[in-house]
Structures are given as C-alpha cells and as structure tokens.
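Enquirer: structure-v1.txt is reproduced below (compact mmCIF, C-alpha atoms).
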# COMPACT_ATOMS: atom_id res chain seq x y z
CA MET A 491 10.17 -115.27 -59.30
CA ILE A 492 11.26 -118.74 -58.21
CA ALA A 493 14.60 -120.19 -59.30
CA VAL A 494 15.60 -123.83 -59.09
CA PHE A 495 19.20 -124.92 -59.16
CA ALA A 496 19.71 -128.69 -59.32
CA GLU A 497 23.08 -130.36 -59.46
CA CYS A 498 24.01 -133.90 -60.41
CA THR A 499 27.06 -135.97 -61.28
CA VAL A 500 26.51 -138.02 -64.41
CA GLN A 501 27.91 -141.53 -64.57
CA SER A 502 30.92 -141.93 -66.80
CA GLY A 503 29.88 -142.83 -70.35
CA GLN A 504 26.32 -141.51 -69.85
CA GLU A 505 26.99 -137.85 -70.72
CA GLU A 506 25.34 -137.91 -74.16
CA ASN A 507 22.37 -139.83 -72.82
CA PHE A 508 22.06 -137.31 -70.00
CA LYS A 509 22.27 -134.31 -72.32
CA ASN A 510 19.57 -135.72 -74.59
CA LEU A 511 17.24 -136.26 -71.63
CA ALA A 512 18.02 -132.85 -70.14
CA HIS A 513 17.59 -130.94 -73.40
CA ALA A 514 14.27 -132.65 -74.11
CA LEU A 515 13.11 -131.75 -70.58
CA ALA A 516 14.26 -128.15 -71.10
CA ASP A 517 12.42 -127.85 -74.45
CA LYS A 518 9.15 -129.08 -72.98
CA SER A 519 9.51 -127.03 -69.79
CA ARG A 520 10.06 -123.80 -71.75
CA GLN A 521 6.63 -124.28 -73.30
CA GLU A 522 4.90 -124.21 -69.91
CA GLU A 523 2.92 -121.04 -69.28
CA LYS A 524 4.75 -120.00 -66.13
CA ASN A 525 8.27 -120.94 -67.21
CA VAL A 526 10.64 -117.98 -67.47
CA SER A 527 13.77 -119.85 -68.61
CA TYR A 528 15.34 -123.28 -68.46
CA ASP A 529 19.05 -123.95 -68.95
CA ILE A 530 21.37 -126.92 -68.74
CA LEU A 531 24.78 -125.81 -67.49
CA ARG A 532 28.30 -126.91 -66.66
CA GLU A 533 30.90 -124.95 -64.76
CA THR A 534 33.28 -123.31 -67.23
CA LYS A 535 36.20 -124.82 -65.34
CA ALA A 536 34.52 -128.18 -64.86
CA GLU A 537 36.65 -131.26 -65.04
CA SER A 538 34.14 -133.63 -63.55
CA ASN A 539 30.78 -134.86 -64.83
CA GLU A 540 28.76 -132.33 -62.85
CA TYR A 541 25.78 -130.85 -64.64
CA PHE A 542 23.24 -128.27 -63.48
CA PHE A 543 19.62 -127.50 -64.24
CA LEU A 544 18.84 -123.79 -63.83
CA GLU A 545 15.13 -123.03 -64.02
CA LYS A 546 13.12 -119.90 -63.47
CA TRP A 547 9.38 -119.91 -62.83
CA GLN A 548 7.00 -116.98 -62.48
CA ASP A 549 5.85 -118.22 -59.08
CA GLN A 550 5.61 -121.28 -56.83
CA ASP A 551 2.38 -122.39 -58.55
CA GLY A 552 4.25 -122.56 -61.83
CA LEU A 553 6.89 -124.81 -60.30
CA ASP A 554 4.25 -126.96 -58.58
CA GLU A 555 2.37 -127.46 -61.86
CA HIS A 556 5.63 -128.35 -63.64
CA MET A 557 6.45 -131.03 -61.10
CA LYS A 558 3.10 -132.72 -61.70
CA LYS A 559 3.72 -133.23 -65.42
CA ASP A 560 4.26 -136.79 -66.62
CA TYR A 561 7.25 -135.78 -68.73
CA PHE A 562 8.87 -134.26 -65.65
CA THR A 563 8.52 -137.34 -63.43
CA GLU A 564 9.47 -139.69 -66.30
CA THR A 565 12.61 -137.70 -67.12
CA ILE A 566 13.71 -137.45 -63.50
CA GLU A 567 13.23 -141.21 -63.15
CA ALA A 568 15.43 -141.78 -66.22
CA VAL A 569 18.02 -139.24 -65.04
CA ASN A 570 18.21 -140.88 -61.62
CA LYS A 571 19.37 -144.10 -63.29
CA ILE A 572 22.40 -142.50 -64.95
CA ILE A 573 23.69 -140.20 -62.21
CA ARG A 574 25.83 -140.94 -59.18
CA GLY A 575 23.97 -140.35 -55.92
CA GLU A 576 20.97 -138.03 -56.03
CA LEU A 577 20.00 -134.71 -57.58
CA GLU A 578 20.87 -131.93 -55.14
CA ILE A 579 18.06 -129.40 -55.44
CA HIS A 580 17.94 -125.81 -54.16
CA VAL A 581 14.93 -123.52 -54.53
CA PHE A 582 15.28 -119.73 -54.42
CA GLU A 583 13.05 -116.69 -54.54
CA THR A 584 13.83 -113.14 -55.59
CA VAL A 585 14.23 -110.61 -52.77
CA MET B 608 25.12 -118.17 -72.49
CA ILE B 609 27.20 -117.62 -69.38
CA ALA B 610 25.62 -117.82 -65.91
CA VAL B 611 27.18 -116.55 -62.71
CA PHE B 612 26.05 -117.75 -59.32
CA ALA B 613 27.63 -115.93 -56.39
CA GLU B 614 26.85 -116.67 -52.76
CA CYS B 615 27.54 -114.61 -49.66
CA THR B 616 26.58 -114.48 -46.00
CA VAL B 617 25.58 -110.99 -44.95
CA GLN B 618 26.63 -109.74 -41.53
CA SER B 619 23.84 -109.55 -39.02
CA GLY B 620 22.15 -106.13 -39.09
CA GLN B 621 23.46 -105.36 -42.60
CA GLU B 622 20.66 -107.03 -44.57
CA GLU B 623 18.92 -103.82 -45.69
CA ASN B 624 22.22 -102.21 -46.58
CA PHE B 625 23.14 -105.30 -48.59
CA LYS B 626 19.81 -105.41 -50.40
CA ASN B 627 20.09 -101.75 -51.39
CA LEU B 628 23.59 -102.30 -52.79
CA ALA B 629 22.60 -105.51 -54.55
CA HIS B 630 19.43 -104.09 -56.12
CA ALA B 631 21.28 -101.00 -57.37
CA LEU B 632 23.92 -103.29 -58.91
CA ALA B 633 21.19 -105.43 -60.50
CA ASP B 634 19.42 -102.36 -61.97
CA LYS B 635 22.60 -101.05 -63.58
CA SER B 636 23.73 -104.50 -64.77
CA ARG B 637 20.39 -105.15 -66.52
CA GLN B 638 21.04 -102.09 -68.67
CA GLU B 639 24.27 -103.54 -70.07
CA GLU B 640 24.02 -104.63 -73.69
CA LYS B 641 24.97 -108.26 -73.12
CA ASN B 642 23.08 -108.83 -69.90
CA VAL B 643 20.29 -111.41 -70.14
CA SER B 644 19.01 -111.26 -66.57
CA TYR B 645 20.16 -110.33 -63.08
CA ASP B 646 18.45 -111.54 -59.90
CA ILE B 647 19.08 -111.29 -56.18
CA LEU B 648 17.89 -114.46 -54.45
CA ARG B 649 17.49 -116.26 -51.16
CA GLU B 650 16.70 -119.90 -50.61
CA THR B 651 12.98 -120.30 -49.93
CA LYS B 652 13.83 -122.29 -46.81
CA ALA B 653 16.64 -119.97 -45.76
CA GLU B 654 17.10 -119.31 -42.10
CA SER B 655 20.54 -117.79 -42.38
CA ASN B 656 21.73 -114.57 -43.96
CA GLU B 657 22.81 -116.21 -47.20
CA TYR B 658 22.09 -114.27 -50.37
CA PHE B 659 22.78 -115.13 -53.98
CA PHE B 660 23.45 -113.17 -57.16
CA LEU B 661 22.22 -115.00 -60.25
CA GLU B 662 23.37 -113.39 -63.48
CA LYS B 663 23.09 -114.40 -67.12
CA TRP B 664 25.24 -112.92 -69.87
CA GLN B 665 25.08 -113.50 -73.62
CA ASP B 666 28.73 -114.57 -73.68
CA GLN B 667 32.05 -114.37 -71.82
CA ASP B 668 32.82 -110.96 -73.40
CA GLY B 669 29.65 -109.57 -71.85
CA LEU B 670 30.72 -110.79 -68.41
CA ASP B 671 34.28 -109.49 -68.92
CA GLU B 672 32.97 -106.03 -69.89
CA HIS B 673 30.66 -106.01 -66.86
CA MET B 674 33.51 -106.75 -64.48
CA LYS B 675 35.45 -103.74 -65.78
CA LYS B 676 32.69 -101.26 -64.89
CA ASP B 677 33.38 -98.84 -62.06
CA TYR B 678 29.97 -99.43 -60.51
CA PHE B 679 30.73 -103.17 -60.40
CA THR B 680 34.08 -102.89 -58.62
CA GLU B 681 32.75 -100.17 -56.27
CA THR B 682 29.71 -102.25 -55.31
CA ILE B 683 31.73 -105.42 -54.75
CA GLU B 684 34.12 -103.42 -52.55
CA ALA B 685 31.19 -102.14 -50.49
CA VAL B 686 29.58 -105.60 -50.33
CA ASN B 687 32.83 -107.17 -49.15
CA LYS B 688 32.73 -104.92 -46.08
CA ILE B 689 29.34 -106.17 -44.91
CA ILE B 690 29.59 -109.90 -45.57
CA ARG B 691 31.23 -112.65 -43.58
CA GLY B 692 34.14 -114.24 -45.41
CA GLU B 693 34.22 -113.87 -49.17
CA LEU B 694 31.84 -114.07 -52.11
CA GLU B 695 31.82 -117.64 -53.42
CA ILE B 696 31.58 -117.36 -57.19
CA HIS B 697 30.76 -120.05 -59.75
CA VAL B 698 30.66 -119.49 -63.51
CA PHE B 699 28.67 -121.73 -65.82
CA GLU B 700 28.02 -122.12 -69.53
CA THR B 701 25.10 -123.69 -71.36
CA VAL B 702 25.69 -127.14 -72.84
Transcribe the structure of this file into structure tokens.

Expert:
Amino acid sequence: MIAVFAECTVQSGQEENFKNLAHALADKSRQEEKNVSYDILRETKAESNEYFFLEKWQDQDGLDEHMKKDYFTETIEAVNKIIRGELEIHVFETV
Amino acid sequence: MIAVFAECTVQSGQEENFKNLAHALADKSRQEEKNVSYDILRETKAESNEYFFLEKWQDQDGLDEHMKKDYFTETIEAVNKIIRGELEIHVFETV
C-alpha cells in the first residue's frame, strides 16, 4: 500500500474555496479503482490554515494513474492559486 | 474520523526489533472496535531509519480507549528504548 501525505497552508479567506475543491477531489478520487481511502484533515490543535490530504492507494500504479487524471491536475492547479507557497508532498509505503 | 501520524527514528541495528514491535501493535490495534486502519510506513525515498505509524480511529473516544490499553503502553515503552529521541506525534481530524 502507498500512502500520500500532502500539506498546504491556505491563504486567509480562501478556506471555504479550498475545502470545496479538496472535497470534490476526494469524492472523485475515492471512485478510482485502486484508491483505498482519501481524507482531508486538519490537526486537532490547529490554529493556522494548514490542511492535509491523506491518500491511500493499493500500489504505485494506482497513484500514477490518479496523477494522470484531468480532474487531478485541474484541481491541483486551482489549489496552487489559493495556498501560500507550495504543496509539501510525502509518499510512503507499508513495511 | 481521527488520524494519528507518529514519526520516529529507529536506532541503527534495531530495525527488525522495531518492525516486530510495530507490527504486533498494529495487529492488536486493528482488532479494536473503533479502529479504522493501522499502518507502519516508510517514505518511499527514505534513506534514514525513519518509520511512521499511521492510524485511523472512528472518533476521539476510540483513540482514548486505545491509549489506555496495556499492550499500547507496553509497546510504546519498548519502542522508546530503541529509537533516537522521542516519537513525534500529530493528531488530525477530517474536515
């Protein structure tokens, strides 16, 4: 199993916009064959505008296929316009 | 849903020991009523001895109950002896 953990800081005033984009991306991603789960998270003690995408995929192929989808690239493009800096992405595998 | 992401750096030579402890903890945790999933991860591009626990719980009560279990406290005590520094723990909730 492959897990992706991506962190971003949303620009002030763009939280609702971000959540709409992120939830739509999550809904579509969950329908992909090799998706295991897809969650949009905040730290329980968060005071800042940091949000996290937590994704699980059956294998690397599943993640590769996901990243080729138009809705993925379009959403990331839109997200990049309303965050500060860049998405910080970490990819993990089960051991 | 509550997600826990805990990171640690395992002491050199203790990797197998750590993996045995972590997998036993994962197996027992998955049997808890409010556990959603429990994974032991490494970054795909990892070169260091960093390992991650990724846990999902139905709610905060589920996590609280988990942390009261003897096998949890005993495993964390054992893990603390074979890592460098301390476990770095982050708790998240779905938004």

Enquirer: Kindly give the distance, in Å, that separates CA of Leu694 in chain B and CA of Leu577 in chain A, rounded to a single decimal.

Expert: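 Spanning CA of Leu694 in chain B to CA of Leu577 in chain A is a straight-line distance of 24.4 Å.
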
Enquirer: In Å to one decimal, how far is CA of Gln548 in chain A from CA of Ala516 in chain A?

Expert: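 So the two atoms, CA of Ala516 in chain A and CA of Gln548 in chain A, lie 15.9 Å apart.
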
Enquirer: Counting all atoms listed in the file, collect the residues of chain A whose closest atom lies at most 8 Å from chain B, and write them out as a compact mmCIF listing (two decimals) with C-alpha atoms, in the coordinates of the input.

Expert:
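Now in iface-v8.txt:
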# COMPACT_ATOMS: atom_id res chain seq x y z
CA LYS A 509 22.27 -134.31 -72.32
CA ASP A 529 19.05 -123.95 -68.95
CA ILE A 530 21.37 -126.92 -68.74
CA LEU A 531 24.78 -125.81 -67.49
CA ARG A 532 28.30 -126.91 -66.66
CA GLU A 533 30.90 -124.95 -64.76
CA THR A 534 33.28 -123.31 -67.23
CA LYS A 535 36.20 -124.82 -65.34
CA HIS A 580 17.94 -125.81 -54.16
CA VAL A 581 14.93 -123.52 -54.53
CA PHE A 582 15.28 -119.73 -54.42
CA GLU A 583 13.05 -116.69 -54.54
CA THR A 584 13.83 -113.14 -55.59
CA VAL A 585 14.23 -110.61 -52.77

Enquirer: Distance CA of Val686 in chain B-CA of Val617 in chain B, one decimal place?

Expert: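 Here the two named atoms are 8.6 Å from each other.
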
Enquirer: Superimpose chain A on chain B so that the squared distances between all in-order C-alpha pairs are minimised, and send the result as an mmCIF file with C-alpha atoms, keeping the file's coordinate frame.

Expert:
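Saved as out.cif:
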data_model
loop_
_atom_site.group_PDB
_atom_site.id
_atom_site.type_symbol
_atom_site.label_atom_id
_atom_site.label_comp_id
_atom_site.auth_asym_id
_atom_site.auth_seq_id
_atom_site.Cartn_x
_atom_site.Cartn_y
_atom_site.Cartn_z
ATOM 1 C CA MET A 491 25.118 -118.169 -72.504
ATOM 2 C CA ILE A 492 27.192 -117.634 -69.369
ATOM 3 C CA ALA A 493 25.625 -117.826 -65.912
ATOM 4 C CA VAL A 494 27.182 -116.557 -62.709
ATOM 5 C CA PHE A 495 26.061 -117.765 -59.327
ATOM 6 C CA ALA A 496 27.634 -115.926 -56.387
ATOM 7 C CA GLU A 497 26.861 -116.664 -52.778
ATOM 8 C CA CYS A 498 27.548 -114.623 -49.670
ATOM 9 C CA THR A 499 26.589 -114.490 -46.009
ATOM 10 C CA VAL A 500 25.588 -110.999 -44.953
ATOM 11 C CA GLN A 501 26.627 -109.750 -41.538
ATOM 12 C CA SER A 502 23.838 -109.553 -39.012
ATOM 13 C CA GLY A 503 22.165 -106.134 -39.089
ATOM 14 C CA GLN A 504 23.466 -105.360 -42.606
ATOM 15 C CA GLU A 505 20.661 -107.041 -44.585
ATOM 16 C CA GLU A 506 18.916 -103.830 -45.682
ATOM 17 C CA ASN A 507 22.217 -102.217 -46.582
ATOM 18 C CA PHE A 508 23.139 -105.308 -48.581
ATOM 19 C CA LYS A 509 19.816 -105.419 -50.418
ATOM 20 C CA ASN A 510 20.090 -101.758 -51.392
ATOM 21 C CA LEU A 511 23.585 -102.301 -52.795
ATOM 22 C CA ALA A 512 22.588 -105.511 -54.572
ATOM 23 C CA HIS A 513 19.421 -104.083 -56.117
ATOM 24 C CA ALA A 514 21.270 -101.008 -57.374
ATOM 25 C CA LEU A 515 23.921 -103.294 -58.910
ATOM 26 C CA ALA A 516 21.188 -105.426 -60.503
ATOM 27 C CA ASP A 517 19.411 -102.369 -61.986
ATOM 28 C CA LYS A 518 22.590 -101.057 -63.578
ATOM 29 C CA SER A 519 23.721 -104.491 -64.775
ATOM 30 C CA ARG A 520 20.391 -105.143 -66.526
ATOM 31 C CA GLN A 521 21.048 -102.090 -68.682
ATOM 32 C CA GLU A 522 24.277 -103.553 -70.069
ATOM 33 C CA GLU A 523 24.017 -104.647 -73.688
ATOM 34 C CA LYS A 524 24.970 -108.270 -73.120
ATOM 35 C CA ASN A 525 23.069 -108.830 -69.877
ATOM 36 C CA VAL A 526 20.301 -111.420 -70.146
ATOM 37 C CA SER A 527 19.005 -111.250 -66.556
ATOM 38 C CA TYR A 528 20.154 -110.341 -63.077
ATOM 39 C CA ASP A 529 18.461 -111.541 -59.891
ATOM 40 C CA ILE A 530 19.081 -111.297 -56.176
ATOM 41 C CA LEU A 531 17.892 -114.468 -54.457
ATOM 42 C CA ARG A 532 17.472 -116.242 -51.146
ATOM 43 C CA GLU A 533 16.692 -119.892 -50.611
ATOM 44 C CA THR A 534 12.973 -120.288 -49.929
ATOM 45 C CA LYS A 535 13.809 -122.262 -46.802
ATOM 46 C CA ALA A 536 16.631 -119.960 -45.760
ATOM 47 C CA GLU A 537 17.106 -119.296 -42.101
ATOM 48 C CA SER A 538 20.538 -117.782 -42.361
ATOM 49 C CA ASN A 539 21.743 -114.553 -43.962
ATOM 50 C CA GLU A 540 22.817 -116.208 -47.204
ATOM 51 C CA TYR A 541 22.097 -114.255 -50.357
ATOM 52 C CA PHE A 542 22.779 -115.114 -53.997
ATOM 53 C CA PHE A 543 23.463 -113.162 -57.159
ATOM 54 C CA LEU A 544 22.226 -115.002 -60.261
ATOM 55 C CA GLU A 545 23.374 -113.386 -63.494
ATOM 56 C CA LYS A 546 23.090 -114.390 -67.107
ATOM 57 C CA TRP A 547 25.252 -112.917 -69.855
ATOM 58 C CA GLN A 548 25.090 -113.491 -73.599
ATOM 59 C CA ASP A 549 28.732 -114.564 -73.671
ATOM 60 C CA GLN A 550 32.047 -114.358 -71.814
ATOM 61 C CA ASP A 551 32.811 -110.959 -73.391
ATOM 62 C CA GLY A 552 29.650 -109.590 -71.836
ATOM 63 C CA LEU A 553 30.726 -110.786 -68.403
ATOM 64 C CA ASP A 554 34.272 -109.478 -68.913
ATOM 65 C CA GLU A 555 32.972 -106.027 -69.883
ATOM 66 C CA HIS A 556 30.650 -106.005 -66.851
ATOM 67 C CA MET A 557 33.506 -106.735 -64.481
ATOM 68 C CA LYS A 558 35.440 -103.731 -65.776
ATOM 69 C CA LYS A 559 32.694 -101.247 -64.897
ATOM 70 C CA ASP A 560 33.384 -98.827 -62.056
ATOM 71 C CA TYR A 561 29.975 -99.445 -60.506
ATOM 72 C CA PHE A 562 30.726 -103.167 -60.416
ATOM 73 C CA THR A 563 34.079 -102.873 -58.626
ATOM 74 C CA GLU A 564 32.745 -100.164 -56.272
ATOM 75 C CA THR A 565 29.713 -102.254 -55.305
ATOM 76 C CA ILE A 566 31.741 -105.408 -54.744
ATOM 77 C CA GLU A 567 34.130 -103.418 -52.548
ATOM 78 C CA ALA A 568 31.178 -102.147 -50.483
ATOM 79 C CA VAL A 569 29.580 -105.608 -50.335
ATOM 80 C CA ASN A 570 32.835 -107.166 -49.153
ATOM 81 C CA LYS A 571 32.728 -104.921 -46.079
ATOM 82 C CA ILE A 572 29.329 -106.177 -44.910
ATOM 83 C CA ILE A 573 29.583 -109.911 -45.585
ATOM 84 C CA ARG A 574 31.214 -112.670 -43.576
ATOM 85 C CA GLY A 575 34.142 -114.253 -45.409
ATOM 86 C CA GLU A 576 34.233 -113.876 -49.184
ATOM 87 C CA LEU A 577 31.844 -114.081 -52.119
ATOM 88 C CA GLU A 578 31.823 -117.650 -53.422
ATOM 89 C CA ILE A 579 31.583 -117.352 -57.195
ATOM 90 C CA HIS A 580 30.746 -120.056 -59.750
ATOM 91 C CA VAL A 581 30.667 -119.482 -63.506
ATOM 92 C CA PHE A 582 28.659 -121.734 -65.828
ATOM 93 C CA GLU A 583 28.029 -122.123 -69.527
ATOM 94 C CA THR A 584 25.100 -123.679 -71.346
ATOM 95 C CA VAL A 585 25.696 -127.136 -72.832
#

Enquirer: Closest to Glu522 in chain A among A:Cys498, A:Asn539, A:Lys571, A:Asp554, using all atoms listed in the file?

Expert: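 Of the candidates, the smallest distance to Glu522 in chain A is held by A:Asp554.
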
Enquirer: Would you mind listing what lies within 8 Å of Ile689 in chain B as a ChimeraX atom specification, with all atoms listed in the file counted and same-chain residues fewer than 2 positions away left out?

Expert: /B:617-618,621,625,685-687,691

Enquirer: Please provide the set of residues having any atom within 12 Å of Asp517 in chain A, restricted to all atoms listed in the file, with same-chain residues fewer than 6 positions apart removed, written as a list in words.

Expert: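 Here the answer would be Lys509, Asn510, Leu511, Asn525, Ser527, Tyr528, Asp529, Ile530, Glu545, Tyr561 and Phe562 of chain A.
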
Enquirer: Padding 5 Å on every side, please: axis-aligned box over the listed atoms of range 500-517 of chain A, centre and edge lengths to one decimal in Å, as lines of an AutoDock Vina configuration file.

Expert:
center_x = 21.7
center_y = -135.3
center_z = -69.5
size_x = 28.5
size_y = 25.0
size_z = 20.2
